[in-house]
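Enquirer: The structure file query.cif (mmCIF, C-alpha atoms) is provided below.
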data_coords
loop_
_atom_site.label_atom_id
_atom_site.label_comp_id
_atom_site.auth_asym_id
_atom_site.auth_seq_id
_atom_site.Cartn_x
_atom_site.Cartn_y
_atom_site.Cartn_z
CA MET A 728 0.54 -1.31 -19.53
CA ARG A 729 1.75 -4.29 -17.49
CA LYS A 730 0.84 -3.76 -13.88
CA LEU A 731 3.88 -5.32 -12.29
CA ASN A 732 7.04 -6.48 -14.00
CA ILE A 733 9.55 -8.50 -12.04
CA ALA A 734 13.06 -9.31 -13.24
CA ILE A 735 15.41 -11.66 -11.43
CA ASP A 736 19.17 -11.53 -11.82
CA ALA A 737 21.99 -13.27 -10.05
CA ILE A 738 24.76 -10.96 -8.85
CA SER A 739 27.86 -12.55 -10.34
CA GLY A 740 30.47 -13.79 -7.93
CA SER A 741 28.00 -14.02 -5.08
CA THR A 742 25.00 -15.92 -3.78
CA ILE A 743 22.90 -12.77 -3.93
CA THR A 744 19.84 -12.46 -6.13
CA LYS A 745 18.55 -9.10 -7.32
CA VAL A 746 14.82 -8.71 -7.89
CA THR A 747 13.87 -5.62 -9.91
CA VAL A 748 10.28 -4.45 -9.70
CA GLN A 749 8.57 -2.12 -12.12
CA GLY A 750 4.99 -0.84 -11.99
CA PHE A 751 2.93 -1.01 -8.82
CA LEU A 752 2.68 -3.33 -5.82
CA ASP A 753 -0.86 -3.35 -4.47
CA ALA A 754 -3.20 -6.08 -3.20
CA HIS A 755 -3.80 -7.15 -6.81
CA THR A 756 -0.20 -7.48 -7.96
CA VAL A 757 1.31 -8.63 -4.66
CA PRO A 758 0.64 -12.38 -5.25
CA GLU A 759 3.07 -12.32 -8.18
CA MET A 760 5.75 -10.79 -5.98
CA GLU A 761 5.02 -13.26 -3.21
CA LYS A 762 5.50 -16.15 -5.58
CA VAL A 763 8.84 -14.85 -6.80
CA ILE A 764 10.17 -14.38 -3.28
CA GLN A 765 8.83 -17.73 -2.10
CA ASP A 766 10.42 -19.48 -5.08
CA LEU A 767 13.77 -17.92 -4.20
CA ILE A 768 13.51 -18.97 -0.58
CA GLN A 769 12.45 -22.47 -1.45
CA THR A 770 15.47 -22.86 -3.69
CA GLY A 771 17.76 -21.74 -0.87
CA LYS A 772 18.35 -18.22 -2.12
CA TYR A 773 18.19 -16.24 1.10
CA LYS A 774 20.24 -13.22 0.08
CA ILE A 775 17.92 -10.96 -1.84
CA ILE A 776 18.19 -7.39 -3.06
CA VAL A 777 15.02 -5.67 -4.22
CA ASP A 778 15.56 -2.78 -6.65
CA PHE A 779 12.70 -0.29 -6.31
CA LYS A 780 13.89 2.34 -8.75
CA GLU A 781 11.07 1.77 -11.22
CA LEU A 782 8.29 1.08 -8.75
CA SER A 783 5.68 3.81 -8.93
CA TYR A 784 3.47 2.78 -6.02
CA ILE A 785 3.35 0.49 -3.01
CA SER A 786 0.62 -0.15 -0.48
CA SER A 787 0.65 -2.04 2.81
CA ALA A 788 0.04 -5.24 0.86
CA GLY A 789 3.45 -4.78 -0.73
CA LEU A 790 5.11 -4.13 2.59
CA GLY A 791 3.40 -7.23 3.96
CA VAL A 792 5.25 -9.42 1.46
CA PHE A 793 8.61 -8.31 2.76
CA MET A 794 7.52 -8.55 6.38
CA SER A 795 6.36 -12.10 5.87
CA VAL A 796 9.76 -13.34 4.70
CA ILE A 797 12.24 -11.28 6.69
CA GLY A 798 12.24 -13.86 9.49
CA ASP A 799 12.89 -16.76 7.11
CA VAL A 800 15.79 -15.14 5.31
CA LYS A 801 17.45 -13.90 8.46
CA ASN A 802 17.12 -17.30 10.11
CA ASN A 803 19.08 -18.69 7.18
CA ASP A 804 21.91 -16.15 7.33
CA GLY A 805 20.37 -14.08 4.60
CA ASP A 806 18.49 -10.79 4.33
CA ILE A 807 16.23 -8.77 2.08
CA VAL A 808 17.98 -5.50 1.28
CA LEU A 809 15.83 -2.79 -0.24
CA MET A 810 17.52 -0.58 -2.77
CA ASP A 811 17.07 2.72 -4.62
CA MET A 812 13.62 3.66 -3.36
CA PRO A 813 11.86 6.64 -4.89
CA PRO A 814 10.79 9.08 -2.13
CA LYS A 815 7.12 8.15 -2.54
CA ILE A 816 7.92 4.49 -1.84
CA TYR A 817 10.28 5.26 1.06
CA LYS A 818 7.58 7.37 2.68
CA VAL A 819 5.25 4.39 3.04
CA PHE A 820 7.96 2.34 4.75
CA ASP A 821 8.77 5.33 6.93
CA LEU A 822 5.15 5.95 7.96
CA LEU A 823 4.99 2.43 9.34
CA GLY A 824 8.41 2.46 10.99
CA PHE A 825 9.72 -0.17 8.59
CA THR A 826 12.81 1.86 7.87
CA GLU A 827 14.03 0.61 11.26
CA ILE A 828 13.37 -3.01 10.37
CA PHE A 829 14.76 -3.26 6.85
CA THR A 830 18.16 -2.41 5.45
CA ILE A 831 17.48 0.31 2.88
CA VAL A 832 20.30 1.51 0.65
CA ASP A 833 20.79 3.79 -2.32
CA ASN A 834 22.68 1.62 -4.77
CA GLU A 835 23.80 -1.87 -5.65
CA GLN A 836 27.29 -1.50 -4.24
CA ALA A 837 25.86 -0.61 -0.85
CA ALA A 838 23.34 -3.43 -1.15
CA VAL A 839 26.01 -6.04 -1.82
CA GLN A 840 28.11 -4.68 1.02
CA ALA A 841 25.16 -5.05 3.36
CA PHE A 842 25.60 -8.82 3.07
CA ALA A 843 29.28 -8.76 3.90
CA MET B 240 -6.31 29.82 -10.85
CA GLU B 241 -6.99 26.21 -9.90
CA GLN B 242 -10.56 25.08 -10.24
CA LYS B 243 -11.91 23.60 -7.03
CA ILE B 244 -13.85 20.40 -7.64
CA LYS B 245 -16.97 19.98 -5.57
CA THR B 246 -17.94 16.32 -5.46
CA VAL B 247 -17.00 13.40 -7.64
CA VAL B 248 -18.16 9.83 -7.25
CA VAL B 249 -16.77 6.64 -8.72
CA GLN B 250 -18.36 3.21 -8.42
CA THR B 251 -16.57 0.00 -9.27
CA PRO B 252 -16.98 -3.70 -8.66
CA GLY B 253 -15.47 -4.74 -5.35
CA ASP B 254 -12.48 -6.37 -7.00
CA ILE B 255 -8.83 -5.65 -6.26
CA GLY B 256 -8.17 -5.44 -9.98
CA TYR B 257 -9.90 -2.08 -9.94
CA LEU B 258 -7.75 -0.57 -7.21
CA HIS B 259 -5.33 1.07 -9.60
CA ARG B 260 -8.18 2.67 -11.56
CA ILE B 261 -9.66 4.02 -8.34
CA ARG B 262 -6.26 5.41 -7.36
CA GLU B 263 -5.78 7.01 -10.77
CA PHE B 264 -9.20 8.61 -10.66
CA ILE B 265 -8.89 10.00 -7.16
CA ALA B 266 -5.32 11.20 -7.71
CA GLY B 267 -6.35 12.80 -11.00
CA MET B 268 -9.21 14.70 -9.42
CA ALA B 269 -7.03 15.83 -6.53
CA THR B 270 -4.39 17.04 -9.01
CA GLU B 271 -6.99 19.09 -10.88
CA ALA B 272 -8.04 20.64 -7.61
CA GLY B 273 -4.53 21.93 -7.12
CA ILE B 274 -3.60 19.74 -4.19
CA GLU B 275 0.11 19.35 -3.53
CA GLN B 276 1.74 16.15 -4.80
CA HIS B 277 2.76 14.73 -1.42
CA GLU B 278 -0.83 15.09 -0.21
CA ILE B 279 -2.08 13.43 -3.38
CA ASP B 280 0.27 10.50 -2.71
CA ASN B 281 -1.18 10.21 0.80
CA ILE B 282 -4.77 10.33 -0.39
CA GLU B 283 -4.06 7.76 -3.08
CA LEU B 284 -2.70 5.43 -0.42
CA ALA B 285 -5.62 6.05 1.96
CA VAL B 286 -8.25 5.29 -0.66
CA ASP B 287 -6.40 2.14 -1.71
CA GLU B 288 -6.04 0.86 1.85
CA ALA B 289 -9.70 1.60 2.65
CA CYS B 290 -10.97 -0.12 -0.49
CA THR B 291 -8.63 -3.08 -0.07
CA ASN B 292 -9.91 -3.63 3.46
CA VAL B 293 -13.51 -3.70 2.30
CA ILE B 294 -12.77 -6.07 -0.57
CA GLU B 295 -10.54 -8.44 1.37
CA HIS B 296 -12.28 -8.43 4.75
CA GLY B 297 -15.79 -7.22 4.06
CA TYR B 298 -17.24 -8.90 1.03
CA ALA B 299 -17.38 -12.68 0.82
CA HIS B 300 -15.45 -14.12 -2.12
CA ASP B 301 -18.54 -15.47 -3.81
CA ASP B 302 -20.67 -12.39 -3.24
CA SER B 303 -21.98 -11.43 -6.67
CA ASN B 304 -23.14 -8.02 -5.54
CA LYS B 305 -19.87 -6.51 -4.45
CA GLU B 306 -19.63 -2.84 -5.20
CA LEU B 307 -17.53 0.00 -3.99
CA THR B 308 -18.48 3.62 -4.16
CA ILE B 309 -15.89 6.26 -3.52
CA ARG B 310 -16.90 9.86 -3.04
CA LEU B 311 -14.41 12.71 -3.06
CA GLU B 312 -15.41 16.14 -1.86
CA ILE B 313 -12.94 18.99 -1.92
CA ASP B 314 -13.33 22.55 -0.79
CA SER B 315 -10.87 25.23 0.15
CA SER B 316 -10.31 23.94 3.66
CA LYS B 317 -10.49 20.18 3.42
CA LEU B 318 -10.87 17.01 1.43
CA VAL B 319 -13.37 14.32 2.41
CA LEU B 320 -12.94 10.82 1.04
CA THR B 321 -15.82 8.44 1.67
CA VAL B 322 -15.73 4.72 0.87
CA ILE B 323 -19.19 3.17 0.76
CA ASP B 324 -19.94 -0.54 0.64
CA ARG B 325 -22.59 -3.08 1.44
CA ALA B 326 -20.26 -5.65 2.94
CA ARG B 327 -20.01 -7.02 6.43
CA PRO B 328 -19.41 -3.96 8.63
CA PHE B 329 -15.86 -3.48 9.83
CA ASN B 330 -15.29 -0.50 12.03
CA ILE B 331 -11.72 0.67 11.58
CA LEU B 332 -12.07 2.88 14.64
CA GLN B 333 -12.39 -0.12 16.91
CA TYR B 334 -9.37 -1.87 15.46
CA GLU B 335 -6.32 -2.04 17.69
CA PRO B 336 -3.12 -2.23 15.63
CA ARG B 337 -0.77 -4.91 16.88
CA ASP B 338 2.72 -4.07 17.93
CA ILE B 339 5.08 -3.90 14.98
CA ASN B 340 7.35 -6.56 16.46
CA ASP B 341 4.45 -9.00 16.43
CA LEU B 342 4.20 -8.37 12.71
CA LYS B 343 7.77 -9.38 12.22
CA THR B 344 7.42 -12.76 13.86
CA GLU B 345 3.91 -13.49 12.75
CA GLY B 346 4.64 -12.43 9.20
CA ARG B 347 1.20 -11.10 8.45
CA ASP B 348 0.08 -7.59 7.72
CA GLY B 349 -2.19 -7.37 10.75
CA GLY B 350 -3.81 -4.10 9.86
CA LEU B 351 -0.93 -2.18 8.31
CA GLY B 352 -3.45 -0.53 6.02
CA ILE B 353 -5.51 0.71 8.90
CA ARG B 354 -2.39 2.06 10.56
CA LEU B 355 -1.54 3.97 7.38
CA ILE B 356 -5.02 5.48 7.09
CA LYS B 357 -4.83 6.68 10.68
CA HIS B 358 -1.43 8.29 10.02
CA ILE B 359 -2.53 9.99 6.83
CA MET B 360 -6.01 11.30 7.53
CA ASP B 361 -6.93 13.85 10.18
CA GLU B 362 -10.38 12.51 11.00
CA ILE B 363 -11.99 9.14 10.45
CA ASP B 364 -15.63 8.30 10.98
CA TYR B 365 -17.42 5.02 10.37
CA GLN B 366 -21.15 4.86 9.94
CA ILE B 367 -23.41 1.85 9.48
CA LYS B 368 -26.58 3.01 7.78
CA ASP B 369 -30.05 1.54 8.20
CA ASP B 370 -30.17 0.53 4.54
CA GLY B 371 -27.16 -1.80 4.91
CA GLN B 372 -24.56 0.62 3.63
CA ASN B 373 -21.33 1.21 5.51
CA GLU B 374 -19.51 4.49 5.12
CA LEU B 375 -15.90 5.13 6.01
CA ILE B 376 -15.47 8.90 6.00
CA MET B 377 -11.91 10.18 6.00
CA THR B 378 -11.11 13.88 6.22
CA LYS B 379 -7.88 15.70 5.53
CA TYR B 380 -7.60 19.37 6.42
CA PHE B 381 -5.45 21.62 4.35
CA THR B 382 -2.85 23.72 6.06
CA PRO B 383 -2.07 27.05 4.40
CA GLY B 384 0.18 26.45 1.41
CA THR B 385 -1.01 22.88 0.63
#
Turn this file's structure into structure tokens for me.

Expert:
Amino acid sequence: MRKLNIAIDAISGSTITKVTVQGFLDAHTVPEMEKVIQDLIQTGKYKIIVDFKELSYISSAGLGVFMSVIGDVKNNDGDIVLMDMPPKIYKVFDLLGFTEIFTIVDNEQAAVQAFA
Amino acid sequence: MEQKIKTVVVQTPGDIGYLHRIREFIAGMATEAGIEQHEIDNIELAVDEACTNVIEHGYAHDDSNKELTIRLEIDSSKLVLTVIDRARPFNILQYEPRDINDLKTEGRDGGLGIRLIKHIMDEIDYQIKDDGQNELIMTKYFTPGT
């Protein structure tokens, strides 16, 4: 079983990139996610959607990745929009008050609209 | 009728690659004890955060003797999760979480894990033993119906 799978897709007709995560995001798998996000930012891709539908677990390490880049993307007229979170994942964001900091939506249409 | 587990202990190297196995084990034992899923999710997170803190902030990277021992004790009224290590002591109880807005600008986790443990568990105790072992003892009380 792969621990963390990450897929990157461009949303056609936009400058938005969708990152789909599958598996778990803990201290061990977080560096892979960090690299993906950093690569996007360094290539000027500041509008990012993260699709959580197939993520089975996240710890504070995972949340830390998003916290560490939110400033960068917003300073460049972008954002990280978090999409389709299973309740177990949402709960971790909620426990820490991150649901107030991040834009969290249910589906891709809402995610794309969040950048409008 | 659900069988109540008394005490189980798992010992692993102090390596973040083992975190998911620790989580699986603890969650599996809690499931067998009949604990409700949302509580299992919480306990899984607490054990992960506690172990991650020891591995990342306790043990030195080149320490060849890193070990983690996790003890789970369940009875009808409570669950006690103990994380035992021989690393540099770090007393979670003395840690002051930074304001969440600092986290946003500083871009570091700054103790998010500790904050989560304090939200999830009802009691936390930290003991430094004479033989060089540190014990983080986290207790969750069951309310009727959990």

Enquirer: Using Å and a single decimal, report how far atom CA of Met810 of chain A sits from atom CA of Val832 of chain A.

Expert: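 Calculated distance between atom CA of Val832 of chain A and atom CA of Met810 of chain A is 4.9 Å.
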
Enquirer: Taking all atoms of segment 744-749 of chain A that the file lists and extending 6 Å past them on each side, where is the centre of the axis-aligned box and how long are its edges? Answer in Å to one decimal, as JSON.

Expert:
{"center_x": 14.2, "center_y": -7.3, "center_z": -9.1, "size_x": 23.3, "size_y": 22.3, "size_z": 18.0}

Enquirer: For the provided coordinates, the residues matched by the PyMOL selection byres ((chain A and resi 826) around 12) should be stated as a list in words.

Expert: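 This file, filtered by the PyMOL selection byres ((chain A and resi 826) around 12), leaves Leu790, Met794, Val808, Leu809, Met810, Met812, Ile816, Tyr817, Lys818, Val819, Phe820, Asp821, Leu822, Leu823, Gly824, Phe825, Glu827, Ile828, Phe829, Thr830, Ile831 and Val832 of chain A; Ile339 of chain B.
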
Enquirer: Select, counting all atoms listed in the file, all protein, DNA and RNA residues no farther than 12 Å from (28.3, -9.4, -5.6) in file coordinates, and express the selection as a PyMOL selection string.

Expert: chain A and resi 736-745+774-776+835-843

Enquirer: Would you pick out the contacts of segment 319-333 of chain B at 8 Å or less, using only C-alpha atoms, so that residues sharing its chain but fewer than 2 positions from it are not included, and give the list as JSON, numbers by chain?

Expert: {"B": [286, 289, 290, 293, 296, 297, 298, 299, 305, 306, 307, 308, 309, 310, 311, 312, 313, 317, 335, 353, 363, 364, 365, 367, 371, 372, 373, 374, 375, 376, 377, 378, 379]}

Enquirer: Just how far from atom CA of Gly771 of chain A is atom CA of Asn803 of chain A, in Å to one decimal?

Expert: 8.7 Å

Enquirer: Quick one: which chain A residues come within 6 Å of chain B, and what is the nearest atom pair for each with the distance in Å to one decimal, counting only C-alpha atoms, rows ordered by chain and ascending number, as CSV?

Expert:
residue,atom,partner,partner_atom,distance
A:His755,CA,B:Ile255,CA,5.3
A:Ser787,CA,B:Gly352,CA,5.4
A:Gly791,CA,B:Asp348,CA,5.0
A:Met794,CA,B:Gly346,CA,5.6
A:Ser795,CA,B:Gly346,CA,3.8

Enquirer: At a cut-off of 7 Å around the point (12.2, 1.6, -6.1) (file coordinates), what residues fall inside when counting only C-alpha atoms? I'd like the answer as a list of chain:residue names.

Expert: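 Residues with an atom at most 7 Å from (12.2, 1.6, -6.1): A:Asp778, A:Phe779, A:Lys780, A:Glu781, A:Leu782, A:Met810, A:Asp811, A:Met812, A:Pro813, A:Ile816.
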
Enquirer: The selected residues should be written to file as an mmCIF file, in the frame of the given file (atoms: C-alpha atoms).

Expert:
data_model
loop_
_atom_site.group_PDB
_atom_site.id
_atom_site.type_symbol
_atom_site.label_atom_id
_atom_site.label_comp_id
_atom_site.auth_asym_id
_atom_site.auth_seq_id
_atom_site.Cartn_x
_atom_site.Cartn_y
_atom_site.Cartn_z
ATOM 1 C CA ASP A 778 15.560 -2.780 -6.650
ATOM 2 C CA PHE A 779 12.700 -0.290 -6.310
ATOM 3 C CA LYS A 780 13.890 2.340 -8.750
ATOM 4 C CA GLU A 781 11.070 1.770 -11.220
ATOM 5 C CA LEU A 782 8.290 1.080 -8.750
ATOM 6 C CA MET A 810 17.520 -0.580 -2.770
ATOM 7 C CA ASP A 811 17.070 2.720 -4.620
ATOM 8 C CA MET A 812 13.620 3.660 -3.360
ATOM 9 C CA PRO A 813 11.860 6.640 -4.890
ATOM 10 C CA ILE A 816 7.920 4.490 -1.840
#

Enquirer: For a test of reading the model, state the distance in Å between atom CA of Pro758 of chain A and atom CA of Tyr773 of chain A, rounded to one decimal.

Expert: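 Atom CA of Tyr773 of chain A lies at a distance of 19.1 Å from atom CA of Pro758 of chain A.
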